[in-house]
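Asker: Following this message is one structure expressed as structure tokens.
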Amino acid sequence: SEPATSNISAIESWEHAAAAARSCRRCDLWCDATQTVFGEGTRNAPVIFVGEQPGDQEDLAGKPFVGPAGKVFDRAMADAGLDRTQAYVTNAVKHFKFQLRGKRRIHEKPNAGEVKACRFWLDLELGFVRPQLVVALGATALKALTGETGSLAEARGRKLALPDGTPLLVTVHPSYLLRLPDEAARARETARFVADLASILERVP
Ligand code: URA
């Protein structure tokens with residue numbers, strides 16, 4: 001198949017970017033993944049959410065945040081009074097990275113090179129959507145967007161911005177909530193996540 005273009009200025013629309021990303025070979029993750037999972041949602045959305053990478057179900061569906069983490073995200077968005085369909089939702093990395101254990105595909109964290117390679121697509125998405133606010137869901141998104149490897153806890157709740165000045169809100173990844181073993185901790189952290197999301201309404205009225 002045709003190689004994806006490496007020339008960012010040759011891609012003049014979101015549709016073109018989404019189509020070109022399907023044959024992306026900028027890193028090796030395409031080899032084992034089912035398909036590219038590009039961002040989706042409202043094309044001129046005021047807010048763009050950036051996750052880490054598609055999971056098992058997203059890889060099969062070709063859509064971001066449709067699996068267990070997506071369910072947590074949807075619920076928190078609704079509880080925060082936000083409409084996901086009016087936002088744009090994407091990931092720092094567009095292919096599912098996993099390790100095969102028996103029949104199960106176990107999520108594996110993308111490395112710095114993979115995140116960097118995929119910035120190409122994230123930059124295009126940011127450029128076409130031109131949001132008023134970018135929301136980083138978790139450390140990988142934060143790293144992809146800012147290059148900063150600092151702790152999520154430190155970045156969370158602070159007024160940050162991308163290098164181009166676009167306001168940035170940092171919160172946890174919904175999978176973090178799923179991994180909390182203690183029910184009380186999960187309830188507390190989920191409420192905090194919902195509060196982070198609700199704060200979007202103050203920044204993007
Ligand atoms: N986790 C992510 O970061 N993104 C998805 O799309 C699904 C799970």
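In the structure tokens, the first chain shown is A, the next is B, and so on; residue numbers restart at 1 for each chain, and ligands run from 1 in the order shown.
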Within 8 Å of ligand 1, counting only C-alpha atoms and all ligand atoms: which residues, as a PDB file with N, CA and C atoms, in the first residue's frame?
Answerer:
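So pocket-v6.pdb came out as:
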ATOM      1  N   VAL A  37      -6.486   4.014  14.721  1.00  0.00           N
ATOM      2  CA  VAL A  37      -7.651   4.609  15.381  1.00  0.00           C
ATOM      3  C   VAL A  37      -7.423   6.113  15.442  1.00  0.00           C
ATOM      4  N   VAL A  50      -7.289  14.189  24.800  1.00  0.00           N
ATOM      5  CA  VAL A  50      -6.221  13.340  24.287  1.00  0.00           C
ATOM      6  C   VAL A  50      -5.933  12.229  25.289  1.00  0.00           C
ATOM      7  N   GLY A  51      -6.163  10.981  24.867  1.00  0.00           N
ATOM      8  CA  GLY A  51      -5.845   9.821  25.693  1.00  0.00           C
ATOM      9  C   GLY A  51      -4.458   9.303  25.376  1.00  0.00           C
ATOM     10  N   GLU A  52      -4.212   8.041  25.686  1.00  0.00           N
ATOM     11  CA  GLU A  52      -2.893   7.462  25.446  1.00  0.00           C
ATOM     12  C   GLU A  52      -2.826   6.779  24.083  1.00  0.00           C
ATOM     13  N   GLN A  53      -3.523   5.671  23.963  1.00  0.00           N
ATOM     14  CA  GLN A  53      -3.539   4.903  22.726  1.00  0.00           C
ATOM     15  C   GLN A  53      -4.788   4.029  22.749  1.00  0.00           C
ATOM     16  N   PRO A  54      -5.223   3.564  21.571  1.00  0.00           N
ATOM     17  CA  PRO A  54      -6.388   2.687  21.569  1.00  0.00           C
ATOM     18  C   PRO A  54      -6.103   1.415  22.362  1.00  0.00           C
ATOM     19  N   GLY A  55      -7.135   0.879  22.985  1.00  0.00           N
ATOM     20  CA  GLY A  55      -7.029  -0.409  23.659  1.00  0.00           C
ATOM     21  C   GLY A  55      -7.557  -1.505  22.751  1.00  0.00           C
ATOM     22  N   ASP A  56      -7.741  -2.669  23.319  1.00  0.00           N
ATOM     23  CA  ASP A  56      -8.187  -3.843  22.563  1.00  0.00           C
ATOM     24  C   ASP A  56      -9.484  -3.564  21.776  1.00  0.00           C
ATOM     25  N   GLN A  57     -10.470  -3.029  22.457  1.00  0.00           N
ATOM     26  CA  GLN A  57     -11.771  -2.823  21.782  1.00  0.00           C
ATOM     27  C   GLN A  57     -11.729  -1.690  20.765  1.00  0.00           C
ATOM     28  N   GLU A  58     -10.936  -0.659  21.083  1.00  0.00           N
ATOM     29  CA  GLU A  58     -10.802   0.460  20.150  1.00  0.00           C
ATOM     30  C   GLU A  58     -10.109   0.000  18.868  1.00  0.00           C
ATOM     31  N   LYS A  63     -12.414   3.033  16.679  1.00  0.00           N
ATOM     32  CA  LYS A  63     -12.870   4.284  17.309  1.00  0.00           C
ATOM     33  C   LYS A  63     -12.246   4.439  18.689  1.00  0.00           C
ATOM     34  N   PRO A  64     -11.926   5.684  19.074  1.00  0.00           N
ATOM     35  CA  PRO A  64     -11.296   5.898  20.381  1.00  0.00           C
ATOM     36  C   PRO A  64     -12.298   5.782  21.537  1.00  0.00           C
ATOM     37  N   PHE A  65     -11.817   5.308  22.656  1.00  0.00           N
ATOM     38  CA  PHE A  65     -12.580   5.288  23.919  1.00  0.00           C
ATOM     39  C   PHE A  65     -13.969   4.662  23.785  1.00  0.00           C
ATOM     40  N   VAL A  66     -14.003   3.440  23.297  1.00  0.00           N
ATOM     41  CA  VAL A  66     -15.263   2.696  23.246  1.00  0.00           C
ATOM     42  C   VAL A  66     -15.258   1.491  24.186  1.00  0.00           C
ATOM     43  N   GLY A  67     -14.079   1.156  24.759  1.00  0.00           N
ATOM     44  CA  GLY A  67     -13.967   0.008  25.667  1.00  0.00           C
ATOM     45  C   GLY A  67     -14.235   0.411  27.111  1.00  0.00           C
ATOM     46  N   PRO A  68     -13.700  -0.360  28.067  1.00  0.00           N
ATOM     47  CA  PRO A  68     -13.935  -0.083  29.494  1.00  0.00           C
ATOM     48  C   PRO A  68     -13.538   1.333  29.917  1.00  0.00           C
ATOM     49  N   ALA A  69     -12.398   1.811  29.462  1.00  0.00           N
ATOM     50  CA  ALA A  69     -11.971   3.176  29.815  1.00  0.00           C
ATOM     51  C   ALA A  69     -12.932   4.191  29.206  1.00  0.00           C
ATOM     52  N   GLY A  70     -13.422   3.882  28.010  1.00  0.00           N
ATOM     53  CA  GLY A  70     -14.384   4.754  27.345  1.00  0.00           C
ATOM     54  C   GLY A  70     -15.694   4.860  28.113  1.00  0.00           C
ATOM     55  N   THR A  90      -9.356  12.010  20.921  1.00  0.00           N
ATOM     56  CA  THR A  90      -8.303  11.315  20.192  1.00  0.00           C
ATOM     57  C   THR A  90      -7.282  10.728  21.169  1.00  0.00           C
ATOM     58  N   ASN A  91      -6.222  10.181  20.616  1.00  0.00           N
ATOM     59  CA  ASN A  91      -5.154   9.588  21.429  1.00  0.00           C
ATOM     60  C   ASN A  91      -3.792  10.101  20.987  1.00  0.00           C
ATOM     61  N   ALA A  92      -2.835  10.037  21.916  1.00  0.00           N
ATOM     62  CA  ALA A  92      -1.468  10.442  21.591  1.00  0.00           C
ATOM     63  C   ALA A  92      -0.862   9.508  20.556  1.00  0.00           C
ATOM     64  N   LEU A 137      -5.496  13.476  29.082  1.00  0.00           N
ATOM     65  CA  LEU A 137      -5.941  12.409  29.977  1.00  0.00           C
ATOM     66  C   LEU A 137      -4.732  11.524  30.282  1.00  0.00           C
ATOM     67  N   HIS A 173      -5.985   9.613  33.581  1.00  0.00           N
ATOM     68  CA  HIS A 173      -6.554   8.770  32.538  1.00  0.00           C
ATOM     69  C   HIS A 173      -7.670   7.938  33.171  1.00  0.00           C
ATOM     70  N   PRO A 174      -8.803   7.778  32.467  1.00  0.00           N
ATOM     71  CA  PRO A 174      -9.883   6.987  33.070  1.00  0.00           C
ATOM     72  C   PRO A 174      -9.469   5.558  33.466  1.00  0.00           C
ATOM     73  N   SER A 175      -8.486   4.978  32.788  1.00  0.00           N
ATOM     74  CA  SER A 175      -8.022   3.627  33.157  1.00  0.00           C
ATOM     75  C   SER A 175      -7.432   3.578  34.557  1.00  0.00           C
TER      76      SER A 175
END
Asker: Region 106-200 of chain A: which residues are alpha helix (DSSP H) by DSSP, as an MDAnalysis selection string?
Answerer: chainID A and resid 112:129 139:146 152:155 174:179 183:198 200
Asker: Have a look at A:Ile11, A:Ala33, A:Val129, A:Val170 and name the one nearest to Ser199 (chain A); count only C-alpha atoms.
Answerer: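 Distance minimum relative to Ser199 (chain A) lands on A:Val170.
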Asker: How far is it from CA of Arg119 (chain A) to CA of Leu201 (chain A), in Å with one decimal?
Answerer: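 Computed distance, CA of Arg119 (chain A) to CA of Leu201 (chain A), equals 27.0 Å.
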Asker: In region 67-123 of chain A, what's strand (DSSP E) per DSSP? Answer as a ChimeraX atom specification?
Answerer: /A:88-91,98-101,104-107
Asker: Which polymer residues have any atom within 12 Å of an atom of Thr42 (chain A), counting only C-alpha atoms, with same-chain residues fewer than 4 positions away left out, as a list in words?
Answerer: Trp14, Pro46, Val47, Ile48, Phe49, Asp83, Arg84, Thr85, Gln86, Ala87, Tyr88, Val89, Thr90, Glu125, Phe128, Val129, Arg130 and Pro131 of chain A
Asker: Can you spit out the residues from that selection as a PDB file, in the first residue's frame, using C-alpha atoms?
Answerer:
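Written output follows (again-v5.pdb):
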ATOM      1  CA  TRP A  14      -8.982  16.617   8.509  1.00  0.00           C
ATOM      2  CA  PRO A  46     -14.040  23.831  21.518  1.00  0.00           C
ATOM      3  CA  VAL A  47     -12.397  21.038  23.512  1.00  0.00           C
ATOM      4  CA  ILE A  48     -10.149  18.192  22.451  1.00  0.00           C
ATOM      5  CA  PHE A  49      -9.467  15.240  24.737  1.00  0.00           C
ATOM      6  CA  ASP A  83     -21.588  16.213  25.918  1.00  0.00           C
ATOM      7  CA  ARG A  84     -18.925  13.997  24.393  1.00  0.00           C
ATOM      8  CA  THR A  85     -20.402  14.290  20.919  1.00  0.00           C
ATOM      9  CA  GLN A  86     -19.666  18.022  20.979  1.00  0.00           C
ATOM     10  CA  ALA A  87     -16.016  17.400  21.774  1.00  0.00           C
ATOM     11  CA  TYR A  88     -13.210  15.872  19.728  1.00  0.00           C
ATOM     12  CA  VAL A  89     -11.630  12.766  21.237  1.00  0.00           C
ATOM     13  CA  THR A  90      -8.303  11.315  20.192  1.00  0.00           C
ATOM     14  CA  GLU A 125      -5.659  17.180  14.521  1.00  0.00           C
ATOM     15  CA  PHE A 128      -7.622  21.346  12.027  1.00  0.00           C
ATOM     16  CA  VAL A 129      -9.798  21.350  15.153  1.00  0.00           C
ATOM     17  CA  ARG A 130      -8.153  24.459  16.670  1.00  0.00           C
ATOM     18  CA  PRO A 131      -9.710  23.926  20.107  1.00  0.00           C
TER      19      PRO A 131
END
Asker: Select, from A:Thr34, A:Ser13, A:Ser6, A:Thr166, the residue with the minimum atom-to-atom distance to Leu124 (chain A), counting only C-alpha atoms.
Answerer: A:Ser13
Asker: Between CA of Val135 (chain A) and CA of Leu168 (chain A), measure the distance and give it in Å to one decimal.
Answerer: 5.8 Å
